[in-house]
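Okay, structure first, notes after.
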Amino acid sequence: MSDSWWVIVMPLIVSVLALVVPGIAVLAAGWGVRRLPVLALAPVVSIAVLSVAAIAAPVAGLSWSLLPVAIVTVVAAAAAFGLRRWVGRESEPPTSGRTALWGGLALVVAGVAIALQLAWVFGGPAHISQTFDAIVHLNTVAFAVDTGNASAFHIGLTSDIGFYPNGWHTVAALAAQVTGAAVPVAVNAANIALAAVAWPLSVVALSVVLLSERTAVVVSAAALSTGFGAFPLLLMYFGVLYPNAMGYAVLPGGVAVVVHLLRATGLAARVRAAVLLLVAAAGVGLAHPNAFLSMAALGAGIAVVELIGRAVRHPSRRRWGATTAILLALAVVLGVLWRVMRTNAEMSVWAPWQTTARAVGEALLLSPGGYTITVTISVLIAVGVFRIVRQPRLLVVAAPMVVATILFVVASGTAAGNALREFLTNPWYNDSYRLAALLPAAGIPVAVLGAVTIADAATRALARARAGRPVRIAVAALGVVAMFSVAVSPNILRTAADARAAYDLSASSPLLTADEEALLERLPETTPADAVIAGSPWTGASLAYAIGDREVLRKHVFGTIGADEQYLDNRLSAIDSDPRVCEAVDRLGVDYVLDFGAQNVWNNPGVGLDRQGLYNLTPSEHLVLVDAQGPSARLFKIEGC
């Protein structure tokens, strides 16, 4: 596979367009795109369109491609236009040209910075994450392309799941299907697009709606989106949690729509905001249920502060009664969500990281996992908190951070088995990593408030000093450079170094070594197109599907294993002496077997012992060596059965 980064250009373009064009079309038809707070919602709306299109396509007899995306986009845009005509236009003024210009430039710079971060992390356009979940995600993308079906009711068949959130897979599969790119390349392209485009736009959407459409807010939010190792880098190598990363990338946009609804005045505006909230919830939820629950939690925090604040500022019996009723209804909804979205005990066994005190410190400094803090961000957070203390009406800006902090501290800083921990963070599998990645989305608005406060103070100081235009421009430029410097902070560099190790392709890579990958890439030359290959998924052999374009007996470690497959897993090595092996081979239609040795993705000698019949095979009458590379990558053809 080519190591030239040029191979990723077209899949990246397709991924970016997929994440913005459908959303822009729908928003332009129903809400207009003259205002930045609306335009920045394009990614979360696009994911809703893509996910629904993928679900609807097989029902309509269509394969997954640009066609169902275009059809659903047109239908959604027509519905949005009809809603606009029915409820009437809003009279919000457009975003100023100055803010649009400088904000747009800041978003471009932020996107380039994040893209470069991820390019360095990946190490090559086709490098895969050497982690457990990479097996199913790569094979699922290949499965969607191969079957022409990216529906949430279909893609989970790679691991025998009836419904699996498909937002991320739709983008990666579309990039591969449209451009013909290899699955690993399409996956990396989709991840760069969601991190470099969807994430900064969504951060701007939330920051602007909580604060204002000022140029300083937009530029600060865009710059700060580049400065956190906790997201998107953390989820790009832990797990690997690609769908969760997609959900979190657009989560700020979903929360921003909650604020739009809370602040809408008049029936028309409220109806439009409510519809947009449903669309955003679909986009976030079909990316990942954890992200939807995070949207509900952060949005609820904002709603509580916003509604109680209004009741305090404008007290009346009627207002307090309405506020109480709304908050009670909100509590019921959250209670139902927490009940329905709980995970079983086997999936929520993640242990805490640290003490409660340390967890609080990491959360407040937005630097979880023991990574080095970024001084610039710490200062901005401190200034933002100081401003909120001085002006309590700004408490709503801190509401998401307070909620995310509580969740992270409970998960990472309280003992396993703690009742509060099990109640609050079980839906996130009690996983500190997932909740650590939530902190930047929740905390950036507070840092942006700090940046704006410093900018305003500097402006007043320059005015008192009667500074000339060149001095003001120089100070502004220095401030912008200081903001964007967070993109190369120690926090980012250390996280990126850890992440890069997870994508390293070498002779000792845990999931797939360089020798094993080379052998898989030769499968189109060494095996017929209709070949079915057995092999232990723990060793990366099942990636013959995503990388070698050949059908495999098992696409993921998990899933229902039939009696014949289980017998092969344990007895294939005895094929010469055990006639039942050939009987199972014939019933399953297996033609080849990949033996990548006993090295597994978890680097744990005790893992994969239930498939010991697939390891350390010996060439024989029934096992004919077809291809080999290095000491442990071998392909056998099964003959005589």
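Letters for chains follow the order of the structure tokens (A, B, ...), residue numbers begin at 1 for each chain, and ligand numbers begin at 1 in the order shown.
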
- Message: Which residues are near Phe423 of chain A? Cut-off 9 Å, only C-alpha atoms, ignore same chain within fewer than 5 positions. Put them as number ranges by chain.
- Response: A: 338, 342, 418

Would you export the selected residues with all heavy atoms as a PDB file, in the first residue's frame, please?
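Final file, out-v4.pdb:
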```
ATOM      1  N   TRP A 338     -31.113   7.381  31.765  1.00  0.00           N
ATOM      2  CA  TRP A 338     -30.086   6.696  32.559  1.00  0.00           C
ATOM      3  C   TRP A 338     -30.470   5.232  32.809  1.00  0.00           C
ATOM      4  O   TRP A 338     -29.606   4.374  32.880  1.00  0.00           O
ATOM      5  CB  TRP A 338     -29.878   7.428  33.880  1.00  0.00           C
ATOM      6  CG  TRP A 338     -28.573   8.151  33.956  1.00  0.00           C
ATOM      7  CD1 TRP A 338     -27.466   7.790  34.669  1.00  0.00           C
ATOM      8  CD2 TRP A 338     -28.230   9.363  33.279  1.00  0.00           C
ATOM      9  NE1 TRP A 338     -26.457   8.708  34.475  1.00  0.00           N
ATOM     10  CE2 TRP A 338     -26.901   9.684  33.633  1.00  0.00           C
ATOM     11  CE3 TRP A 338     -28.907  10.209  32.410  1.00  0.00           C
ATOM     12  CZ2 TRP A 338     -26.239  10.813  33.150  1.00  0.00           C
ATOM     13  CZ3 TRP A 338     -28.256  11.333  31.923  1.00  0.00           C
ATOM     14  CH2 TRP A 338     -26.944  11.616  32.297  1.00  0.00           C
ATOM     15  N   ARG A 342     -28.304   1.946  30.419  1.00  0.00           N
ATOM     16  CA  ARG A 342     -27.319   1.318  31.298  1.00  0.00           C
ATOM     17  C   ARG A 342     -26.643   0.159  30.584  1.00  0.00           C
ATOM     18  O   ARG A 342     -27.224  -0.483  29.716  1.00  0.00           O
ATOM     19  CB  ARG A 342     -27.976   0.831  32.591  1.00  0.00           C
ATOM     20  CG  ARG A 342     -28.581   1.948  33.418  1.00  0.00           C
ATOM     21  CD  ARG A 342     -28.997   1.465  34.778  1.00  0.00           C
ATOM     22  NE  ARG A 342     -27.857   1.169  35.638  1.00  0.00           N
ATOM     23  CZ  ARG A 342     -27.111   2.101  36.212  1.00  0.00           C
ATOM     24  NH1 ARG A 342     -27.369   3.367  36.005  1.00  0.00           N
ATOM     25  NH2 ARG A 342     -26.098   1.756  36.985  1.00  0.00           N
ATOM     26  N   ASN A 418     -18.615   1.796  43.984  1.00  0.00           N
ATOM     27  CA  ASN A 418     -19.270   2.923  44.626  1.00  0.00           C
ATOM     28  C   ASN A 418     -20.657   3.111  44.010  1.00  0.00           C
ATOM     29  O   ASN A 418     -20.808   3.147  42.788  1.00  0.00           O
ATOM     30  CB  ASN A 418     -18.412   4.181  44.436  1.00  0.00           C
ATOM     31  CG  ASN A 418     -19.020   5.414  45.068  1.00  0.00           C
ATOM     32  OD1 ASN A 418     -20.025   5.922  44.587  1.00  0.00           O
ATOM     33  ND2 ASN A 418     -18.397   5.903  46.115  1.00  0.00           N
TER      34      ASN A 418
END
```

- Neighbour list for His154 of chain A as a ChimeraX atom specification, cut-off 12 Å, only C-alpha atoms, skip fewer than 2 positions in-chain: /A:54-59,64,140-141,143-145,147-152,156-166,169-170

Residue selection dump (N, CA, C and O atoms) as a compact mmCIF listing (two decimals), in the first residue's frame:
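Full text of result_29.txt as output:
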```txt
# COMPACT_ATOMS: atom_id res chain seq x y z
N ALA A 54 -28.49 6.18 5.09
CA ALA A 54 -27.95 4.82 5.09
C ALA A 54 -28.99 3.82 5.56
O ALA A 54 -29.04 2.68 5.07
N ILE A 55 -29.84 4.22 6.51
CA ILE A 55 -30.89 3.33 7.00
C ILE A 55 -32.00 3.19 5.95
O ILE A 55 -32.55 2.09 5.74
N ALA A 56 -32.33 4.28 5.27
CA ALA A 56 -33.43 4.26 4.30
C ALA A 56 -33.04 3.61 2.98
O ALA A 56 -33.91 3.05 2.29
N ALA A 57 -31.76 3.67 2.61
CA ALA A 57 -31.33 3.19 1.29
C ALA A 57 -31.74 1.75 1.02
O ALA A 57 -32.35 1.46 -0.03
N PRO A 58 -31.43 0.79 1.89
CA PRO A 58 -31.82 -0.60 1.58
C PRO A 58 -33.33 -0.80 1.54
O PRO A 58 -33.82 -1.65 0.80
N VAL A 59 -34.07 0.00 2.31
CA VAL A 59 -35.53 -0.09 2.28
C VAL A 59 -36.04 0.31 0.90
O VAL A 59 -37.01 -0.27 0.37
N TRP A 64 -25.53 1.82 -0.87
CA TRP A 64 -24.94 2.97 -0.21
C TRP A 64 -24.01 3.68 -1.19
O TRP A 64 -23.05 3.12 -1.70
N THR A 140 -16.07 -3.56 9.43
CA THR A 140 -17.44 -3.07 9.25
C THR A 140 -17.52 -2.08 8.10
O THR A 140 -18.49 -2.09 7.33
N VAL A 141 -16.52 -1.22 7.97
CA VAL A 141 -16.49 -0.31 6.83
C VAL A 141 -16.40 -1.11 5.53
O VAL A 141 -17.12 -0.85 4.56
N PHE A 143 -17.39 -4.13 5.11
CA PHE A 143 -18.67 -4.83 4.99
C PHE A 143 -19.73 -3.92 4.37
O PHE A 143 -20.51 -4.33 3.51
N ALA A 144 -19.76 -2.65 4.80
CA ALA A 144 -20.71 -1.69 4.25
C ALA A 144 -20.46 -1.46 2.77
O ALA A 144 -21.40 -1.38 1.96
N VAL A 145 -19.19 -1.34 2.39
CA VAL A 145 -18.84 -1.13 0.98
C VAL A 145 -19.16 -2.39 0.18
O VAL A 145 -19.73 -2.32 -0.92
N THR A 147 -21.25 -4.88 0.75
CA THR A 147 -22.68 -5.21 0.63
C THR A 147 -23.51 -4.05 0.11
O THR A 147 -24.70 -4.23 -0.17
N GLY A 148 -22.92 -2.87 0.02
CA GLY A 148 -23.67 -1.70 -0.40
C GLY A 148 -24.71 -1.29 0.61
O GLY A 148 -25.75 -0.70 0.26
N ASN A 149 -24.44 -1.56 1.88
CA ASN A 149 -25.44 -1.32 2.92
C ASN A 149 -24.74 -0.82 4.18
O ASN A 149 -24.01 -1.57 4.83
N ALA A 150 -24.96 0.45 4.54
CA ALA A 150 -24.36 1.03 5.74
C ALA A 150 -25.41 1.31 6.80
O ALA A 150 -25.19 2.13 7.70
N SER A 151 -26.54 0.62 6.73
CA SER A 151 -27.62 0.83 7.68
C SER A 151 -27.21 0.43 9.09
O SER A 151 -26.46 -0.53 9.29
N ALA A 152 -27.73 1.14 10.07
CA ALA A 152 -27.47 0.80 11.47
C ALA A 152 -28.04 -0.57 11.82
O ALA A 152 -27.62 -1.18 12.80
N GLY A 156 -23.94 -4.01 12.08
CA GLY A 156 -23.61 -4.74 13.29
C GLY A 156 -23.49 -6.24 13.09
O GLY A 156 -23.04 -6.96 14.00
N LEU A 157 -23.85 -6.73 11.90
CA LEU A 157 -23.75 -8.16 11.63
C LEU A 157 -22.31 -8.65 11.67
O LEU A 157 -22.06 -9.85 11.80
N THR A 158 -21.35 -7.74 11.56
CA THR A 158 -19.95 -8.16 11.66
C THR A 158 -19.62 -8.71 13.04
O THR A 158 -18.61 -9.41 13.20
N SER A 159 -20.45 -8.38 14.01
CA SER A 159 -20.24 -8.94 15.36
C SER A 159 -21.57 -9.39 15.97
O SER A 159 -21.74 -9.40 17.17
N ASP A 160 -22.53 -9.70 15.09
CA ASP A 160 -23.83 -10.26 15.51
C ASP A 160 -24.60 -9.31 16.41
O ASP A 160 -25.21 -9.73 17.40
N ILE A 161 -24.59 -8.01 16.09
CA ILE A 161 -25.37 -7.01 16.81
C ILE A 161 -26.46 -6.52 15.88
O ILE A 161 -26.20 -6.14 14.73
N GLY A 162 -27.70 -6.50 16.36
CA GLY A 162 -28.82 -6.14 15.52
C GLY A 162 -28.89 -4.67 15.15
O GLY A 162 -29.44 -4.32 14.10
N PHE A 163 -28.37 -3.80 16.00
CA PHE A 163 -28.39 -2.36 15.72
C PHE A 163 -27.08 -1.78 16.21
O PHE A 163 -26.68 -2.00 17.36
N TYR A 164 -26.39 -1.04 15.34
CA TYR A 164 -25.12 -0.42 15.73
C TYR A 164 -25.09 0.99 15.18
O TYR A 164 -25.42 1.21 14.00
N PRO A 165 -24.75 2.00 15.99
CA PRO A 165 -24.73 3.39 15.50
C PRO A 165 -23.84 3.51 14.27
O PRO A 165 -22.69 3.07 14.28
N ASN A 166 -24.35 4.11 13.21
CA ASN A 166 -23.67 4.05 11.92
C ASN A 166 -23.13 5.38 11.42
O ASN A 166 -22.63 5.45 10.29
N HIS A 169 -19.40 5.16 10.40
CA HIS A 169 -19.19 4.20 9.33
C HIS A 169 -19.72 4.71 7.99
O HIS A 169 -19.18 4.37 6.93
N THR A 170 -20.77 5.53 8.02
CA THR A 170 -21.30 6.05 6.75
C THR A 170 -20.27 6.92 6.05
O THR A 170 -20.12 6.86 4.83
```

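Picture a line from atom CA of Val333 of chain A to atom CA of Leu424 of chain A; it runs 14.6 Å.
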
- Message: Under the rule that only C-alpha atoms are counted, which of A:Ala502, A:Ile373, A:Leu519, A:Leu617 is the nearest residue to Asn570 of chain A?
- Response: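 With only C-alpha atoms as the atom set, the closest residue is A:Leu617.
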
- helix (DSSP H, G or I) positions in segment 114-155 of chain A, given as a PyMOL selection string: chain A and resi 114-122+134-147+155

Would you export the selected residues with N, CA, C and O atoms as an mmCIF file, in the first residue's frame, please?
```cif
data_model
loop_
_atom_site.group_PDB
_atom_site.id
_atom_site.type_symbol
_atom_site.label_atom_id
_atom_site.label_comp_id
_atom_site.auth_asym_id
_atom_site.auth_seq_id
_atom_site.Cartn_x
_atom_site.Cartn_y
_atom_site.Cartn_z
ATOM 1 N N ILE A 114 -5.037 20.614 13.210
ATOM 2 C CA ILE A 114 -5.509 19.310 13.687
ATOM 3 C C ILE A 114 -5.198 18.226 12.663
ATOM 4 O O ILE A 114 -4.820 17.105 13.028
ATOM 5 N N ALA A 115 -5.347 18.542 11.380
ATOM 6 C CA ALA A 115 -5.027 17.561 10.342
ATOM 7 C C ALA A 115 -3.557 17.154 10.411
ATOM 8 O O ALA A 115 -3.218 15.976 10.267
ATOM 9 N N LEU A 116 -2.685 18.124 10.649
ATOM 10 C CA LEU A 116 -1.253 17.814 10.763
ATOM 11 C C LEU A 116 -0.967 16.985 12.018
ATOM 12 O O LEU A 116 -0.123 16.080 11.999
ATOM 13 N N GLN A 117 -1.652 17.303 13.100
ATOM 14 C CA GLN A 117 -1.494 16.495 14.317
ATOM 15 C C GLN A 117 -1.824 15.035 14.035
ATOM 16 O O GLN A 117 -1.058 14.122 14.378
ATOM 17 N N LEU A 118 -2.968 14.797 13.381
ATOM 18 C CA LEU A 118 -3.394 13.429 13.130
ATOM 19 C C LEU A 118 -2.529 12.743 12.082
ATOM 20 O O LEU A 118 -2.274 11.534 12.170
ATOM 21 N N ALA A 119 -2.077 13.498 11.080
ATOM 22 C CA ALA A 119 -1.186 12.906 10.081
ATOM 23 C C ALA A 119 0.083 12.392 10.755
ATOM 24 O O ALA A 119 0.587 11.310 10.423
ATOM 25 N N TRP A 120 0.602 13.167 11.706
ATOM 26 C CA TRP A 120 1.796 12.726 12.429
ATOM 27 C C TRP A 120 1.482 11.508 13.291
ATOM 28 O O TRP A 120 2.273 10.572 13.378
ATOM 29 N N VAL A 121 0.309 11.510 13.917
ATOM 30 C CA VAL A 121 -0.087 10.379 14.754
ATOM 31 C C VAL A 121 -0.209 9.112 13.913
ATOM 32 O O VAL A 121 0.302 8.048 14.288
ATOM 33 N N PHE A 122 -0.861 9.194 12.767
ATOM 34 C CA PHE A 122 -1.075 8.010 11.945
ATOM 35 C C PHE A 122 0.241 7.483 11.380
ATOM 36 O O PHE A 122 0.404 6.275 11.232
ATOM 37 N N ALA A 134 -10.233 -1.756 16.482
ATOM 38 C CA ALA A 134 -9.907 -1.491 15.080
ATOM 39 C C ALA A 134 -10.320 -2.665 14.197
ATOM 40 O O ALA A 134 -10.672 -2.484 13.025
ATOM 41 N N ILE A 135 -10.280 -3.865 14.753
ATOM 42 C CA ILE A 135 -10.642 -5.056 13.986
ATOM 43 C C ILE A 135 -12.058 -4.921 13.440
ATOM 44 O O ILE A 135 -12.303 -5.041 12.238
ATOM 45 N N VAL A 136 -13.007 -4.651 14.325
ATOM 46 C CA VAL A 136 -14.401 -4.599 13.898
ATOM 47 C C VAL A 136 -14.693 -3.345 13.094
ATOM 48 O O VAL A 136 -15.480 -3.386 12.135
ATOM 49 N N HIS A 137 -14.080 -2.207 13.430
ATOM 50 C CA HIS A 137 -14.411 -0.982 12.701
ATOM 51 C C HIS A 137 -13.921 -1.028 11.258
ATOM 52 O O HIS A 137 -14.633 -0.617 10.338
ATOM 53 N N LEU A 138 -12.708 -1.525 11.026
ATOM 54 C CA LEU A 138 -12.220 -1.633 9.656
ATOM 55 C C LEU A 138 -13.041 -2.645 8.865
ATOM 56 O O LEU A 138 -13.422 -2.389 7.715
ATOM 57 N N ASN A 139 -13.311 -3.791 9.473
ATOM 58 C CA ASN A 139 -14.095 -4.803 8.764
ATOM 59 C C ASN A 139 -15.530 -4.350 8.532
ATOM 60 O O ASN A 139 -16.152 -4.719 7.531
ATOM 61 N N THR A 140 -16.069 -3.561 9.431
ATOM 62 C CA THR A 140 -17.439 -3.072 9.255
ATOM 63 C C THR A 140 -17.521 -2.081 8.102
ATOM 64 O O THR A 140 -18.493 -2.088 7.335
ATOM 65 N N VAL A 141 -16.519 -1.218 7.974
ATOM 66 C CA VAL A 141 -16.489 -0.308 6.826
ATOM 67 C C VAL A 141 -16.401 -1.114 5.531
ATOM 68 O O VAL A 141 -17.120 -0.846 4.556
ATOM 69 N N ALA A 142 -15.519 -2.114 5.505
ATOM 70 C CA ALA A 142 -15.403 -2.968 4.321
ATOM 71 C C ALA A 142 -16.713 -3.698 4.047
ATOM 72 O O ALA A 142 -17.123 -3.865 2.885
ATOM 73 N N PHE A 143 -17.387 -4.126 5.110
ATOM 74 C CA PHE A 143 -18.667 -4.829 4.986
ATOM 75 C C PHE A 143 -19.728 -3.917 4.373
ATOM 76 O O PHE A 143 -20.514 -4.333 3.505
ATOM 77 N N ALA A 144 -19.759 -2.649 4.803
ATOM 78 C CA ALA A 144 -20.714 -1.692 4.250
ATOM 79 C C ALA A 144 -20.461 -1.459 2.766
ATOM 80 O O ALA A 144 -21.401 -1.385 1.962
ATOM 81 N N VAL A 145 -19.192 -1.340 2.391
ATOM 82 C CA VAL A 145 -18.844 -1.132 0.981
ATOM 83 C C VAL A 145 -19.158 -2.388 0.175
ATOM 84 O O VAL A 145 -19.732 -2.320 -0.921
ATOM 85 N N ASP A 146 -18.775 -3.530 0.712
ATOM 86 C CA ASP A 146 -18.941 -4.803 0.005
ATOM 87 C C ASP A 146 -20.408 -5.132 -0.240
ATOM 88 O O ASP A 146 -20.787 -5.613 -1.318
ATOM 89 N N THR A 147 -21.249 -4.877 0.746
ATOM 90 C CA THR A 147 -22.675 -5.210 0.629
ATOM 91 C C THR A 147 -23.508 -4.046 0.115
ATOM 92 O O THR A 147 -24.700 -4.231 -0.169
ATOM 93 N N ILE A 155 -24.883 -3.090 9.659
ATOM 94 C CA ILE A 155 -23.432 -3.131 9.863
ATOM 95 C C ILE A 155 -23.033 -3.902 11.114
ATOM 96 O O ILE A 155 -21.916 -4.412 11.210
#
```

- Taking the DSSP assignment computed from this structure's backbone, write out as a PyMOL selection string all residues of segment 424-605 of chain A that belong to strand (DSSP E or B). chain A and resi 532-534+551-552+592-595

With N, CA, C and O atoms retained, could you export that selection as a JSON list (two decimals), in the first residue's frame?
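Contents of result.json, freshly written:
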```json
[["chain", "number", "residue", "atom", "x", "y", "z"],
["A", 532, "VAL", "N", -12.69, -18.21, 1.04],
["A", 532, "VAL", "CA", -13.09, -17.97, 2.43],
["A", 532, "VAL", "C", -11.92, -18.38, 3.32],
["A", 532, "VAL", "O", -11.41, -19.49, 3.19],
["A", 533, "ILE", "N", -11.52, -17.46, 4.20],
["A", 533, "ILE", "CA", -10.29, -17.66, 4.98],
["A", 533, "ILE", "C", -10.61, -17.74, 6.46],
["A", 533, "ILE", "O", -11.34, -16.92, 7.01],
["A", 534, "ALA", "N", -10.02, -18.74, 7.11],
["A", 534, "ALA", "CA", -10.11, -18.86, 8.56],
["A", 534, "ALA", "C", -8.84, -18.28, 9.18],
["A", 534, "ALA", "O", -7.81, -18.17, 8.53],
["A", 551, "GLU", "N", -13.20, -12.84, 1.85],
["A", 551, "GLU", "CA", -14.15, -13.20, 2.90],
["A", 551, "GLU", "C", -13.44, -13.98, 4.00],
["A", 551, "GLU", "O", -12.55, -14.80, 3.74],
["A", 552, "VAL", "N", -13.82, -13.69, 5.24],
["A", 552, "VAL", "CA", -13.23, -14.38, 6.39],
["A", 552, "VAL", "C", -14.33, -15.05, 7.19],
["A", 552, "VAL", "O", -15.50, -14.64, 7.16],
["A", 592, "TYR", "N", -8.94, -21.44, 2.90],
["A", 592, "TYR", "CA", -7.58, -21.09, 3.33],
["A", 592, "TYR", "C", -7.59, -20.81, 4.83],
["A", 592, "TYR", "O", -8.64, -20.57, 5.44],
["A", 593, "VAL", "N", -6.40, -20.80, 5.40],
["A", 593, "VAL", "CA", -6.26, -20.42, 6.80],
["A", 593, "VAL", "C", -5.01, -19.57, 6.95],
["A", 593, "VAL", "O", -3.96, -19.85, 6.35],
["A", 594, "LEU", "N", -5.13, -18.51, 7.70],
["A", 594, "LEU", "CA", -3.99, -17.63, 8.01],
["A", 594, "LEU", "C", -3.48, -17.96, 9.41],
["A", 594, "LEU", "O", -4.25, -17.99, 10.37],
["A", 595, "ASP", "N", -2.20, -18.19, 9.49],
["A", 595, "ASP", "CA", -1.57, -18.44, 10.79],
["A", 595, "ASP", "C", -0.59, -17.31, 11.06],
["A", 595, "ASP", "O", 0.45, -17.21, 10.43]]
```

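If only C-alpha atoms are the atoms counted, then among A:Met246, A:Leu511, A:Ala382, A:Val38 the closest residue to Pro537 of chain A is A:Leu511.
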
- Query: What lies within 6 Å of segment 436-442 of chain A using only C-alpha atoms, ignoring chain neighbours under 5 positions off, as a ChimeraX atom specification?
  - Reply: /A:230-231,368,400-401,404

How would the residues just chosen look if you wrote them out with N, CA, C and O atoms as a CSV table (one decimal), in the first residue's frame?
```csv
chain,number,residue,atom,x,y,z
A,230,ALA,N,-7.0,15.4,25.3
A,230,ALA,CA,-8.1,14.6,25.6
A,230,ALA,C,-9.1,14.4,24.5
A,230,ALA,O,-9.8,13.4,24.5
A,231,PHE,N,-9.1,15.3,23.6
A,231,PHE,CA,-10.0,15.1,22.4
A,231,PHE,C,-9.5,16.0,21.3
A,231,PHE,O,-9.2,17.2,21.6
A,368,PRO,N,-6.8,15.6,31.6
A,368,PRO,CA,-6.9,14.4,32.3
A,368,PRO,C,-5.8,13.4,31.9
A,368,PRO,O,-5.1,13.6,30.9
A,400,PRO,N,-21.9,23.3,31.4
A,400,PRO,CA,-21.4,22.0,30.8
A,400,PRO,C,-20.1,21.5,31.5
A,400,PRO,O,-20.0,20.3,31.7
A,401,MET,N,-19.2,22.4,31.8
A,401,MET,CA,-18.0,22.0,32.5
A,401,MET,C,-18.2,21.4,33.8
A,401,MET,O,-17.6,20.4,34.2
A,404,ALA,N,-19.6,17.8,33.2
A,404,ALA,CA,-18.5,16.9,32.7
A,404,ALA,C,-17.5,16.7,33.8
A,404,ALA,O,-17.0,15.5,33.9
```

- Do a neighbour search on Leu623 of chain A at 12 Å with only C-alpha atoms, toss out local chain neighbours closer than 5 positions, and write the hits as JSON, numbers by chain. {"A": [572, 573, 574, 575, 576, 581, 582, 591, 592, 593, 594, 595, 614, 616, 617, 618, 634, 635, 636, 637, 638, 639, 640, 641]}

- Task: Pick out the residues sitting within 8 Å of Ala351 of chain A, and hand them over as a VMD selection string; count only C-alpha atoms, and ignore anything fewer than 2 positions along from it in its own chain.
- Result: chain A and resid 349 353 412 415 to 416 430 to 431

Store the residues picked out above, limited to all heavy atoms, as an mmCIF file, in the first residue's frame.
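Done, and the output landed in out25.cif:
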```
data_model
loop_
_atom_site.group_PDB
_atom_site.id
_atom_site.type_symbol
_atom_site.label_atom_id
_atom_site.label_comp_id
_atom_site.auth_asym_id
_atom_site.auth_seq_id
_atom_site.Cartn_x
_atom_site.Cartn_y
_atom_site.Cartn_z
ATOM 1 N N VAL A 349 -16.764 -2.633 33.675
ATOM 2 C CA VAL A 349 -15.842 -3.038 34.741
ATOM 3 C C VAL A 349 -14.594 -2.165 34.812
ATOM 4 O O VAL A 349 -13.642 -2.484 35.527
ATOM 5 C CB VAL A 349 -15.408 -4.508 34.540
ATOM 6 C CG1 VAL A 349 -16.592 -5.435 34.678
ATOM 7 C CG2 VAL A 349 -14.737 -4.697 33.172
ATOM 8 N N TRP A 353 -8.971 5.675 37.848
ATOM 9 C CA TRP A 353 -7.569 6.010 37.590
ATOM 10 C C TRP A 353 -6.819 6.422 38.850
ATOM 11 O O TRP A 353 -5.648 6.157 39.005
ATOM 12 C CB TRP A 353 -7.484 7.188 36.612
ATOM 13 C CG TRP A 353 -7.724 6.853 35.195
ATOM 14 C CD1 TRP A 353 -7.880 5.622 34.641
ATOM 15 C CD2 TRP A 353 -7.837 7.794 34.114
ATOM 16 N NE1 TRP A 353 -8.084 5.722 33.300
ATOM 17 C CE2 TRP A 353 -8.065 7.040 32.942
ATOM 18 C CE3 TRP A 353 -7.782 9.177 34.036
ATOM 19 C CZ2 TRP A 353 -8.215 7.646 31.700
ATOM 20 C CZ3 TRP A 353 -7.929 9.780 32.801
ATOM 21 C CH2 TRP A 353 -8.150 9.022 31.639
ATOM 22 N N SER A 412 -13.301 8.472 37.428
ATOM 23 C CA SER A 412 -11.855 8.254 37.537
ATOM 24 C C SER A 412 -11.319 8.402 38.951
ATOM 25 O O SER A 412 -10.189 7.991 39.225
ATOM 26 C CB SER A 412 -11.106 9.240 36.628
ATOM 27 O OG SER A 412 -11.203 10.561 37.126
ATOM 28 N N ALA A 415 -13.985 4.834 44.030
ATOM 29 C CA ALA A 415 -13.702 3.400 43.995
ATOM 30 C C ALA A 415 -14.724 2.635 43.167
ATOM 31 O O ALA A 415 -15.909 2.986 43.119
ATOM 32 C CB ALA A 415 -13.677 2.858 45.422
ATOM 33 N N ALA A 416 -14.244 1.583 42.505
ATOM 34 C CA ALA A 416 -15.147 0.688 41.788
ATOM 35 C C ALA A 416 -16.138 0.085 42.786
ATOM 36 O O ALA A 416 -15.784 -0.262 43.912
ATOM 37 C CB ALA A 416 -14.345 -0.421 41.111
ATOM 38 N N ASN A 430 -18.513 3.118 32.886
ATOM 39 C CA ASN A 430 -17.621 3.525 33.985
ATOM 40 C C ASN A 430 -16.199 3.745 33.468
ATOM 41 O O ASN A 430 -15.215 3.537 34.191
ATOM 42 C CB ASN A 430 -17.607 2.469 35.103
ATOM 43 C CG ASN A 430 -18.925 2.399 35.846
ATOM 44 O OD1 ASN A 430 -19.574 3.412 36.058
ATOM 45 N ND2 ASN A 430 -19.331 1.196 36.233
ATOM 46 N N ASP A 431 -16.106 4.173 32.234
ATOM 47 C CA ASP A 431 -14.821 4.292 31.542
ATOM 48 C C ASP A 431 -14.291 5.727 31.642
ATOM 49 O O ASP A 431 -14.867 6.653 31.063
ATOM 50 C CB ASP A 431 -15.003 3.896 30.080
ATOM 51 C CG ASP A 431 -13.716 3.950 29.282
ATOM 52 O OD1 ASP A 431 -12.657 4.220 29.877
ATOM 53 O OD2 ASP A 431 -13.774 3.723 28.060
#
```

- Note on the structure: Computed gap from atom CA of Val112 of chain A to atom CA of Val197 of chain A is 9.1 Å

- Non-local contacts of Val171 of chain A (9 Å; only C-alpha atoms; under 5 positions in same chain excluded) as a PyMOL selection string: chain A and resi 14-16+18-19+47+50+166+176+186-187+190

- Work out how far apart atom CA of Asn244 of chain A and atom CA of Ala357 of chain A are and give it in Å to one decimal. 27.2 Å

- Please provide as a ChimeraX atom specification all residues within 9 Å of segment 224-226 of chain A, with the sequence filter that same-chain residues fewer than 2 positions apart are discarded (counting only C-alpha atoms). /A:110-111,113-114,117,196,199-200,203-204,219-222,228-229,231-232,377,440-441,444,447-448,483-488,492
